[in-house]
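Okay, coords24.cif now, which holds mmCIF, C-alpha atoms:
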```cif
data_coords
loop_
_atom_site.label_atom_id
_atom_site.label_comp_id
_atom_site.auth_asym_id
_atom_site.auth_seq_id
_atom_site.Cartn_x
_atom_site.Cartn_y
_atom_site.Cartn_z
CA MET A 1422 7.19 -62.52 8.08
CA ILE A 1423 10.32 -60.97 9.57
CA VAL A 1424 12.21 -61.50 6.30
CA ALA A 1425 9.40 -59.82 4.36
CA SER A 1426 9.34 -56.77 6.62
CA VAL A 1427 13.14 -56.45 6.50
CA ALA A 1428 12.97 -56.56 2.69
CA ASN A 1429 10.25 -53.91 2.75
CA VAL A 1430 12.39 -51.63 4.92
CA LEU A 1431 15.35 -52.18 2.59
CA VAL A 1432 13.29 -51.27 -0.47
CA TRP A 1433 12.04 -48.15 1.28
CA ALA A 1434 15.60 -47.15 2.22
CA VAL A 1435 16.85 -47.60 -1.35
CA TRP A 1436 13.85 -45.67 -2.64
CA VAL A 1437 14.41 -42.75 -0.26
CA GLY A 1438 18.11 -42.59 -1.16
CA ALA A 1439 17.46 -42.73 -4.91
CA ALA A 1440 14.58 -40.23 -4.78
CA PHE A 1441 16.53 -37.66 -2.79
CA ALA A 1442 19.60 -38.12 -5.02
CA CYS A 1443 17.31 -37.62 -8.00
CA ILE A 1444 15.72 -34.45 -6.63
CA GLY A 1445 19.01 -33.00 -5.38
CA SER A 1446 20.88 -33.59 -8.61
CA GLY A 1447 17.94 -32.20 -10.58
CA ILE A 1448 18.11 -28.97 -8.59
CA ALA A 1449 21.92 -28.96 -9.04
CA VAL A 1450 21.57 -29.20 -12.84
CA VAL A 1451 19.38 -26.11 -12.91
CA SER A 1452 21.41 -24.08 -10.42
CA PHE A 1453 25.07 -24.59 -11.46
CA SER A 1454 26.46 -21.69 -13.48
CA ASN A 1455 29.06 -23.87 -15.20
CA PRO A 1456 27.43 -26.21 -17.78
CA PHE A 1457 30.17 -28.79 -17.16
CA TYR A 1458 29.05 -29.27 -13.55
CA SER A 1459 25.42 -29.28 -14.69
CA ALA A 1460 26.17 -32.13 -17.09
CA LEU A 1461 27.94 -34.08 -14.35
CA ALA A 1462 24.94 -33.55 -12.04
CA LEU A 1463 22.65 -34.80 -14.81
CA ILE A 1464 24.67 -38.03 -14.95
CA GLY A 1465 23.94 -38.50 -11.23
CA ASN A 1466 20.27 -37.76 -11.89
CA LEU A 1467 20.11 -40.39 -14.63
CA ALA A 1468 21.86 -42.99 -12.47
CA SER A 1469 19.47 -42.49 -9.53
CA LEU A 1470 16.52 -42.62 -11.96
CA ALA A 1471 17.84 -45.97 -13.17
CA VAL A 1472 17.69 -47.20 -9.55
CA LEU A 1473 14.04 -46.07 -9.37
CA TYR A 1474 13.31 -47.93 -12.63
CA LEU A 1475 14.84 -51.06 -11.13
CA LEU A 1476 12.57 -50.72 -8.09
CA LEU A 1477 9.63 -50.55 -10.52
CA SER A 1478 10.90 -53.84 -12.06
CA ALA A 1479 11.77 -52.21 -15.38
CA GLU A 1480 15.18 -53.80 -15.81
CA PHE A 1481 15.59 -53.31 -19.54
CA VAL A 1482 14.63 -49.62 -19.39
CA ALA A 1483 17.09 -49.06 -16.55
CA ALA A 1484 19.89 -50.65 -18.56
CA ALA A 1485 18.94 -48.65 -21.65
CA GLN A 1486 18.83 -45.48 -19.53
CA VAL A 1487 22.40 -45.99 -18.33
CA LEU A 1488 23.68 -47.03 -21.77
CA VAL A 1489 21.89 -44.48 -23.93
CA TYR A 1490 21.77 -41.46 -21.63
CA ALA A 1491 24.71 -41.71 -19.27
CA GLY A 1492 26.80 -43.43 -21.94
CA ALA A 1493 26.10 -41.82 -25.29
CA VAL A 1494 24.13 -38.61 -24.81
CA MET A 1495 26.16 -37.28 -21.88
CA VAL A 1496 29.46 -37.99 -23.64
CA MET A 1497 28.19 -35.90 -26.53
CA PHE A 1498 27.16 -33.12 -24.12
CA LEU A 1499 30.55 -33.13 -22.38
CA PHE A 1500 32.31 -33.14 -25.76
CA VAL A 1501 30.42 -30.04 -26.93
CA ILE A 1502 30.95 -28.28 -23.59
CA GLY A 1503 34.67 -28.99 -23.85
CA TYR A 1504 34.68 -27.78 -27.47
CA LEU A 1505 33.04 -24.50 -26.52
CA GLY A 1506 35.38 -23.98 -23.56
CA ASP A 1507 35.03 -20.62 -21.87
CA ARG A 1508 32.19 -19.52 -24.12
CA ALA A 1509 29.89 -22.13 -22.58
CA ASP A 1510 30.04 -20.40 -19.19
CA ALA A 1511 26.75 -18.61 -18.93
CA PRO A 1512 25.42 -15.95 -16.61
CA TRP A 1513 23.28 -17.59 -13.99
CA ALA A 1514 19.74 -16.21 -14.16
CA GLY A 1515 18.16 -14.74 -17.23
CA GLY A 1516 17.22 -11.20 -18.09
CA PRO A 1517 15.18 -8.98 -15.85
CA SER A 1518 14.31 -10.26 -12.39
CA TRP A 1519 10.56 -10.42 -13.08
CA GLN A 1520 11.39 -13.16 -15.55
CA ALA A 1521 13.04 -15.25 -12.82
CA VAL A 1522 10.15 -14.57 -10.42
CA GLY A 1523 7.63 -15.55 -13.07
CA ALA A 1524 9.54 -18.73 -13.88
CA VAL A 1525 9.66 -19.78 -10.21
CA ALA A 1526 5.97 -18.95 -9.75
CA ALA A 1527 4.94 -20.84 -12.90
CA SER A 1528 6.83 -24.02 -12.07
CA ALA A 1529 5.75 -23.93 -8.41
CA ALA A 1530 2.12 -23.52 -9.51
CA LEU A 1531 2.52 -26.46 -11.91
CA PHE A 1532 3.96 -28.63 -9.14
CA VAL A 1533 1.18 -27.75 -6.70
CA GLU A 1534 -1.46 -28.47 -9.35
CA VAL A 1535 -0.03 -31.89 -10.15
CA ILE A 1536 0.32 -32.83 -6.48
CA VAL A 1537 -3.24 -31.70 -5.70
CA VAL A 1538 -4.62 -33.69 -8.63
CA ILE A 1539 -2.67 -36.80 -7.60
CA GLY A 1540 -3.78 -36.43 -3.98
CA LEU A 1541 -7.43 -35.76 -4.73
CA LYS A 1542 -8.14 -38.12 -7.57
CA THR A 1543 -5.88 -41.11 -7.26
CA SER A 1544 -5.03 -41.70 -3.63
CA GLY A 1545 -7.34 -44.64 -3.14
CA ARG A 1546 -6.99 -46.24 -6.53
CA LEU A 1547 -3.20 -46.33 -6.85
CA SER A 1548 -2.42 -48.05 -3.55
CA HIS A 1549 -2.81 -51.68 -4.68
CA SER A 1550 -0.69 -52.63 -7.65
CA PRO A 1551 -1.13 -56.15 -8.99
CA SER A 1552 2.04 -58.20 -9.05
CA PRO A 1553 3.34 -58.48 -12.62
CA GLY A 1554 4.30 -61.65 -14.44
CA ALA A 1555 7.75 -63.18 -14.23
CA THR A 1556 8.92 -61.72 -17.55
CA PHE A 1557 7.63 -58.18 -16.86
CA GLY A 1558 10.23 -55.63 -17.93
CA SER A 1559 12.64 -58.22 -19.27
CA PRO A 1560 14.22 -57.91 -22.74
CA TYR A 1561 11.96 -60.77 -23.84
CA ASP A 1562 8.82 -58.86 -22.91
CA ILE A 1563 10.05 -55.58 -24.40
CA GLY A 1564 11.12 -57.24 -27.64
CA ARG A 1565 7.83 -59.12 -27.97
CA LEU A 1566 5.85 -55.90 -27.49
CA PHE A 1567 8.04 -53.97 -29.91
CA LEU A 1568 7.56 -56.55 -32.66
CA THR A 1569 3.85 -57.25 -32.12
CA ASN A 1570 1.56 -54.66 -30.54
CA GLN A 1571 3.86 -51.64 -30.73
CA LEU A 1572 5.40 -52.23 -34.16
CA LEU A 1573 4.27 -48.80 -35.40
CA ALA A 1574 6.09 -47.06 -32.52
CA PHE A 1575 9.22 -49.08 -33.35
CA GLU A 1576 9.17 -48.04 -37.02
CA ILE A 1577 8.39 -44.40 -36.28
CA THR A 1578 11.27 -44.30 -33.77
CA SER A 1579 13.66 -45.56 -36.43
CA ILE A 1580 12.48 -42.86 -38.83
CA VAL A 1581 12.91 -40.17 -36.13
CA LEU A 1582 16.47 -41.34 -35.43
CA LEU A 1583 17.28 -41.35 -39.16
CA VAL A 1584 15.95 -37.81 -39.61
CA ALA A 1585 17.94 -36.64 -36.57
CA ALA A 1586 21.14 -38.17 -37.95
CA VAL A 1587 20.59 -36.48 -41.33
CA GLY A 1588 19.81 -33.20 -39.57
CA GLY A 1589 23.01 -33.41 -37.52
CA VAL A 1590 25.09 -33.99 -40.65
CA ILE A 1591 23.40 -31.11 -42.50
CA LEU A 1592 23.90 -28.71 -39.56
CA GLY A 1593 27.59 -29.66 -39.31
CA SER A 1594 28.35 -29.37 -43.02
CA HIS A 1595 26.45 -26.09 -43.38
CA SER A 1596 28.35 -24.38 -40.59
CA ARG A 1597 31.64 -25.59 -42.10
CA GLU A 1598 30.77 -24.02 -45.47
CA THR A 1599 29.88 -20.65 -43.99
CA GLU A 1600 33.12 -20.59 -42.04
CA GLN A 1601 35.30 -20.85 -45.15
CA MET B 46 4.12 -54.31 -4.06
CA ARG B 47 7.03 -53.84 -1.69
CA GLY B 48 8.20 -50.37 -0.85
CA PRO B 49 6.40 -47.14 -1.67
CA ASP B 50 3.21 -46.92 -3.69
CA VAL B 51 3.06 -45.59 -7.21
CA VAL B 52 1.88 -42.23 -5.84
CA TRP B 53 5.32 -41.53 -4.38
CA TYR B 54 7.00 -42.19 -7.71
CA LEU B 55 4.50 -39.83 -9.33
CA ALA B 56 5.38 -37.11 -6.80
CA VAL B 57 9.08 -37.46 -7.63
CA ALA B 58 8.24 -37.38 -11.34
CA ALA B 59 6.19 -34.20 -10.90
CA PHE B 60 9.01 -32.55 -8.97
CA LEU B 61 11.54 -33.47 -11.65
CA PHE B 62 9.30 -32.12 -14.40
CA CYS B 63 8.78 -28.82 -12.58
CA THR B 64 12.52 -28.49 -11.86
CA GLY B 65 13.24 -28.95 -15.54
CA ALA B 66 10.54 -26.45 -16.49
CA LEU B 67 12.09 -23.94 -14.09
CA GLY B 68 15.48 -24.40 -15.74
CA VAL B 69 14.05 -24.01 -19.24
CA LEU B 70 12.20 -20.83 -18.28
CA MET B 71 14.94 -19.20 -16.20
CA ARG B 72 18.35 -20.08 -17.60
CA ARG B 73 19.85 -18.28 -20.58
CA SER B 74 22.57 -20.70 -21.69
CA PRO B 75 21.18 -22.95 -24.44
CA LEU B 76 23.30 -25.82 -23.11
CA ILE B 77 21.63 -25.69 -19.71
CA VAL B 78 18.22 -25.30 -21.37
CA LEU B 79 18.90 -28.58 -23.18
CA LEU B 80 20.00 -30.25 -19.93
CA SER B 81 16.83 -29.04 -18.18
CA LEU B 82 14.79 -30.40 -21.07
CA GLU B 83 16.37 -33.78 -20.42
CA ILE B 84 15.19 -33.55 -16.80
CA MET B 85 11.63 -32.85 -17.96
CA LEU B 86 11.69 -35.84 -20.29
CA ASN B 87 13.03 -38.03 -17.51
CA GLY B 88 10.25 -36.94 -15.17
CA ALA B 89 7.70 -37.95 -17.81
CA ASN B 90 9.54 -41.26 -18.26
CA LEU B 91 9.38 -42.00 -14.54
CA ALA B 92 5.62 -41.41 -14.53
CA LEU B 93 5.19 -43.68 -17.56
CA ILE B 94 7.18 -46.50 -15.98
CA ALA B 95 5.39 -46.10 -12.63
CA PHE B 96 1.99 -46.48 -14.35
CA SER B 97 3.34 -49.38 -16.39
CA ARG B 98 4.24 -51.13 -13.12
CA HIS B 99 0.89 -50.23 -11.58
CA TYR B 100 -1.14 -51.80 -14.38
CA ALA B 101 1.44 -54.62 -14.81
CA GLN B 102 1.56 -54.03 -18.57
CA GLY B 103 4.70 -53.32 -20.54
CA ASP B 104 3.29 -50.72 -22.93
CA GLY B 105 4.37 -47.80 -20.73
CA GLN B 106 7.95 -49.06 -20.87
CA ILE B 107 7.75 -49.12 -24.67
CA PHE B 108 6.58 -45.49 -24.56
CA ALA B 109 9.50 -44.64 -22.23
CA LEU B 110 12.00 -46.21 -24.64
CA THR B 111 10.46 -44.21 -27.50
CA VAL B 112 10.79 -41.04 -25.42
CA MET B 113 14.47 -41.89 -24.88
CA ALA B 114 15.03 -42.17 -28.64
CA VAL B 115 13.26 -38.85 -29.22
CA ALA B 116 15.40 -37.25 -26.49
CA ALA B 117 18.58 -38.54 -28.14
CA SER B 118 17.47 -37.11 -31.50
CA GLU B 119 16.62 -33.78 -29.90
CA VAL B 120 20.05 -33.60 -28.24
CA VAL B 121 21.76 -34.30 -31.58
CA VAL B 122 19.90 -31.49 -33.34
CA GLY B 123 20.17 -29.09 -30.38
CA LEU B 124 23.91 -29.58 -29.94
CA GLY B 125 24.38 -29.23 -33.72
CA LEU B 126 22.56 -25.89 -33.56
CA ILE B 127 24.67 -24.76 -30.59
CA VAL B 128 27.92 -25.65 -32.38
CA ALA B 129 26.70 -23.87 -35.53
CA ILE B 130 25.85 -20.76 -33.45
CA ALA B 131 29.25 -20.87 -31.75
CA ARG B 132 31.05 -21.14 -35.11
CA LYS B 133 29.31 -17.98 -36.30
CA HIS B 134 30.72 -16.23 -33.21
CA LEU B 135 27.30 -15.29 -31.90
CA ASP B 136 26.57 -15.05 -28.17
CA LEU B 137 25.40 -18.28 -26.55
CA ASP B 138 22.38 -16.61 -24.95
CA VAL B 139 18.80 -17.56 -25.75
CA ASP B 140 17.59 -14.01 -25.08
CA LYS B 141 19.96 -12.53 -27.65
CA LEU B 142 19.28 -15.11 -30.36
CA SER B 143 16.21 -13.28 -31.61
CA THR B 144 16.92 -13.11 -35.37
CA LEU B 145 13.89 -15.27 -36.17
CA ARG B 146 11.56 -13.04 -34.17
CA GLY B 147 9.26 -11.40 -36.71
#
```

Kindly present the structure from the file in structure tokens form.
Amino acid sequence: MIVASVANVLVWAVWVGAAFACIGSGIAVVSFSNPFYSALALIGNLASLAVLYLLLSAEFVAAAQVLVYAGAVMVMFLFVIGYLGDRADAPWAGGPSWQAVGAVAASAALFVEVIVVIGLKTSGRLSHSPSPGATFGSPYDIGRLFLTNQLLAFEITSIVLLVAAVGGVILGSHSRETEQ
Amino acid sequence: MRGPDVVWYLAVAAFLFCTGALGVLMRRSPLIVLLSLEIMLNGANLALIAFSRHYAQGDGQIFALTVMAVAASEVVVGLGLIVAIARKHLDLDVDKLSTLRG
């Protein structure tokens, strides 16, 4: 009993730390004027999200998040930001001030709507989650789902990645031709 | 389920999504717009994985992995566009890139 409550407190502490790191780094990404610092803050955001995924017993997705996002995508971002150099430094807020006010109002309204819907409609029903099976979230489970029930999603994902690779090559070669 | 309920994860996901939406609407640098878009996708991913845990079924995690692949593709194309814009010596400012406006 004591061990269980200590474990519960530990999980809560890890959750609070990861959630606040997530929220803080998310705000930092939006508010830095230098894109380099924004990209670094996004790496922190992705890492703390991986901790939240681990708490939700989604081990494979957490590993893929760190490998794919923090490994590959962010390296590409930092490479492009370094390539652009000074030109990547952007003015902070956009255009006329009514645009900034409207943006803040729109996103705040969206947040309040979502929170009200969650609070009104789901508070009772989402409190008891059944305990998942032993293989839940493991590579075995993910691979089995990808090759049986979700085979169409797997194939469509491969086509999307192929089209993106071709698009990247075409964009790069086209801009090289126009430069010459 | 030890620790917080799914509702708390959903609140964090909603906050992340709205933060990303704020960045997309307010910032002018296309690089930071892309980074904010990543935050929005990650908020959606967190909600998907939280519901996947709640129903103890792995399909939400499959959807989250698919979203990750789509996000990687989108970053490839977006960064290619940004590099192409920079090579043409245009301003990196989404308000000034209005050539396609009718």

Per-residue nearest contacts segment 1458-1558 of chain A to segment 95-114 of chain B, cut-off 7 Å, using only C-alpha atoms, as CSV:
```
residue,atom,partner,partner_atom,distance
A:Leu1477,CA,B:Arg98,CA,6.0
A:Val1482,CA,B:Leu110,CA,6.8
A:Ser1550,CA,B:His99,CA,4.9
A:Pro1551,CA,B:Ala101,CA,6.5
A:Ser1552,CA,B:Ala101,CA,6.8
A:Pro1553,CA,B:Ala101,CA,4.8
A:Phe1557,CA,B:Gly103,CA,6.8
A:Gly1558,CA,B:Gly103,CA,6.5
```

Atoms kept (C-alpha atoms) for selection, written as a PDB file, in the frame of the given file:
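Printed below is part.pdb as written:
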```
ATOM      1  CA  LEU A1477       9.630 -50.550 -10.520  1.00  0.00           C
ATOM      2  CA  VAL A1482      14.630 -49.620 -19.390  1.00  0.00           C
ATOM      3  CA  SER A1550      -0.690 -52.630  -7.650  1.00  0.00           C
ATOM      4  CA  PRO A1551      -1.130 -56.150  -8.990  1.00  0.00           C
ATOM      5  CA  SER A1552       2.040 -58.200  -9.050  1.00  0.00           C
ATOM      6  CA  PRO A1553       3.340 -58.480 -12.620  1.00  0.00           C
ATOM      7  CA  PHE A1557       7.630 -58.180 -16.860  1.00  0.00           C
ATOM      8  CA  GLY A1558      10.230 -55.630 -17.930  1.00  0.00           C
TER       9      GLY A1558
END
```

Selection near Trp53 of chain B, 12 Å with only C-alpha atoms, sequence-local residues under 3 positions removed, as a count of residues only: 26

So that I can check the surroundings of Ile77 of chain B, please list as a list in words every protein, DNA and RNA residue that reaches within 8 Å of it, counting only C-alpha atoms and ignoring chain neighbours fewer than 6 positions away. Val1450, Val1451, Pro1456 and Ser1459 of chain A; Gly68 and Val69 of chain B

Selected residue, from B:Ile130, B:Lys141, B:Asn87, B:Ile94, that lies nearest to Val115 of chain B when counting all atoms listed in the file: B:Asn87

Hits of the PyMOL selection byres ((chain B and resi 74) around 8) in this structure, as an mmCIF file with C-alpha atoms, in the frame of the given file:
```
data_model
loop_
_atom_site.group_PDB
_atom_site.id
_atom_site.type_symbol
_atom_site.label_atom_id
_atom_site.label_comp_id
_atom_site.auth_asym_id
_atom_site.auth_seq_id
_atom_site.Cartn_x
_atom_site.Cartn_y
_atom_site.Cartn_z
ATOM 1 C CA ALA A 1509 29.890 -22.130 -22.580
ATOM 2 C CA ASP A 1510 30.040 -20.400 -19.190
ATOM 3 C CA ALA A 1511 26.750 -18.610 -18.930
ATOM 4 C CA PRO A 1512 25.420 -15.950 -16.610
ATOM 5 C CA ARG B 72 18.350 -20.080 -17.600
ATOM 6 C CA ARG B 73 19.850 -18.280 -20.580
ATOM 7 C CA PRO B 75 21.180 -22.950 -24.440
ATOM 8 C CA LEU B 76 23.300 -25.820 -23.110
ATOM 9 C CA ILE B 77 21.630 -25.690 -19.710
ATOM 10 C CA VAL B 78 18.220 -25.300 -21.370
ATOM 11 C CA LEU B 137 25.400 -18.280 -26.550
ATOM 12 C CA ASP B 138 22.380 -16.610 -24.950
ATOM 13 C CA VAL B 139 18.800 -17.560 -25.750
#
```

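Across the model, the gap from atom CA of Ser1452 of chain A to atom CA of Ala1527 of chain A is 17.0 Å.
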
Sel. within 9 Å of pt (24.9, -31.1, -13.0), counting all atoms listed in the file, output as a PyMOL selection string: (chain A and resi 1446-1453+1455-1466) or (chain B and resi 80)

Got a sec to check which residues sit within 12 Å of (17.3, -30.7, -41.3), counting all atoms listed in the file, and write them as a JSON list (two decimals) with C-alpha atoms, in the frame of the given file?
```
[["chain", "number", "residue", "atom", "x", "y", "z"],
["A", 1581, "VAL", "CA", 12.91, -40.17, -36.13],
["A", 1583, "LEU", "CA", 17.28, -41.35, -39.16],
["A", 1584, "VAL", "CA", 15.95, -37.81, -39.61],
["A", 1585, "ALA", "CA", 17.94, -36.64, -36.57],
["A", 1586, "ALA", "CA", 21.14, -38.17, -37.95],
["A", 1587, "VAL", "CA", 20.59, -36.48, -41.33],
["A", 1588, "GLY", "CA", 19.81, -33.20, -39.57],
["A", 1589, "GLY", "CA", 23.01, -33.41, -37.52],
["A", 1590, "VAL", "CA", 25.09, -33.99, -40.65],
["A", 1591, "ILE", "CA", 23.40, -31.11, -42.50],
["A", 1592, "LEU", "CA", 23.90, -28.71, -39.56],
["A", 1593, "GLY", "CA", 27.59, -29.66, -39.31],
["A", 1594, "SER", "CA", 28.35, -29.37, -43.02],
["A", 1595, "HIS", "CA", 26.45, -26.09, -43.38],
["B", 118, "SER", "CA", 17.47, -37.11, -31.50],
["B", 119, "GLU", "CA", 16.62, -33.78, -29.90],
["B", 121, "VAL", "CA", 21.76, -34.30, -31.58],
["B", 122, "VAL", "CA", 19.90, -31.49, -33.34],
["B", 123, "GLY", "CA", 20.17, -29.09, -30.38],
["B", 125, "GLY", "CA", 24.38, -29.23, -33.72],
["B", 126, "LEU", "CA", 22.56, -25.89, -33.56]]
```

Kindly reconstruct segment 56-69 of chain B with N, CA and C atoms and present the result as a compact mmCIF listing (two decimals), in the coordinates of the input.
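Generated output (rebuild_23.txt):
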```txt
# COMPACT_ATOMS: atom_id res chain seq x y z
N ALA B 56 4.98 -38.38 -7.41
CA ALA B 56 5.38 -37.11 -6.80
C ALA B 56 6.81 -36.74 -7.21
N VAL B 57 7.71 -37.73 -7.19
CA VAL B 57 9.08 -37.46 -7.63
C VAL B 57 9.10 -37.04 -9.09
N ALA B 58 8.29 -37.71 -9.92
CA ALA B 58 8.24 -37.38 -11.34
C ALA B 58 7.75 -35.95 -11.54
N ALA B 59 6.70 -35.56 -10.78
CA ALA B 59 6.19 -34.20 -10.90
C ALA B 59 7.24 -33.19 -10.48
N PHE B 60 7.98 -33.48 -9.42
CA PHE B 60 9.01 -32.55 -8.97
C PHE B 60 10.10 -32.41 -10.02
N LEU B 61 10.51 -33.53 -10.61
CA LEU B 61 11.54 -33.47 -11.65
C LEU B 61 11.07 -32.64 -12.84
N PHE B 62 9.82 -32.87 -13.25
CA PHE B 62 9.30 -32.12 -14.40
C PHE B 62 9.29 -30.63 -14.12
N CYS B 63 8.86 -30.24 -12.90
CA CYS B 63 8.78 -28.82 -12.58
C CYS B 63 10.18 -28.21 -12.44
N THR B 64 11.15 -28.98 -11.92
CA THR B 64 12.52 -28.49 -11.86
C THR B 64 13.05 -28.21 -13.26
N GLY B 65 12.80 -29.15 -14.17
CA GLY B 65 13.24 -28.95 -15.54
C GLY B 65 12.56 -27.76 -16.19
N ALA B 66 11.26 -27.59 -15.93
CA ALA B 66 10.54 -26.45 -16.49
C ALA B 66 11.12 -25.14 -15.96
N LEU B 67 11.47 -25.14 -14.67
CA LEU B 67 12.09 -23.94 -14.09
C LEU B 67 13.40 -23.61 -14.80
N GLY B 68 14.21 -24.64 -15.05
CA GLY B 68 15.48 -24.40 -15.74
C GLY B 68 15.27 -23.88 -17.15
N VAL B 69 14.29 -24.45 -17.87
CA VAL B 69 14.05 -24.01 -19.24
C VAL B 69 13.59 -22.56 -19.26
```
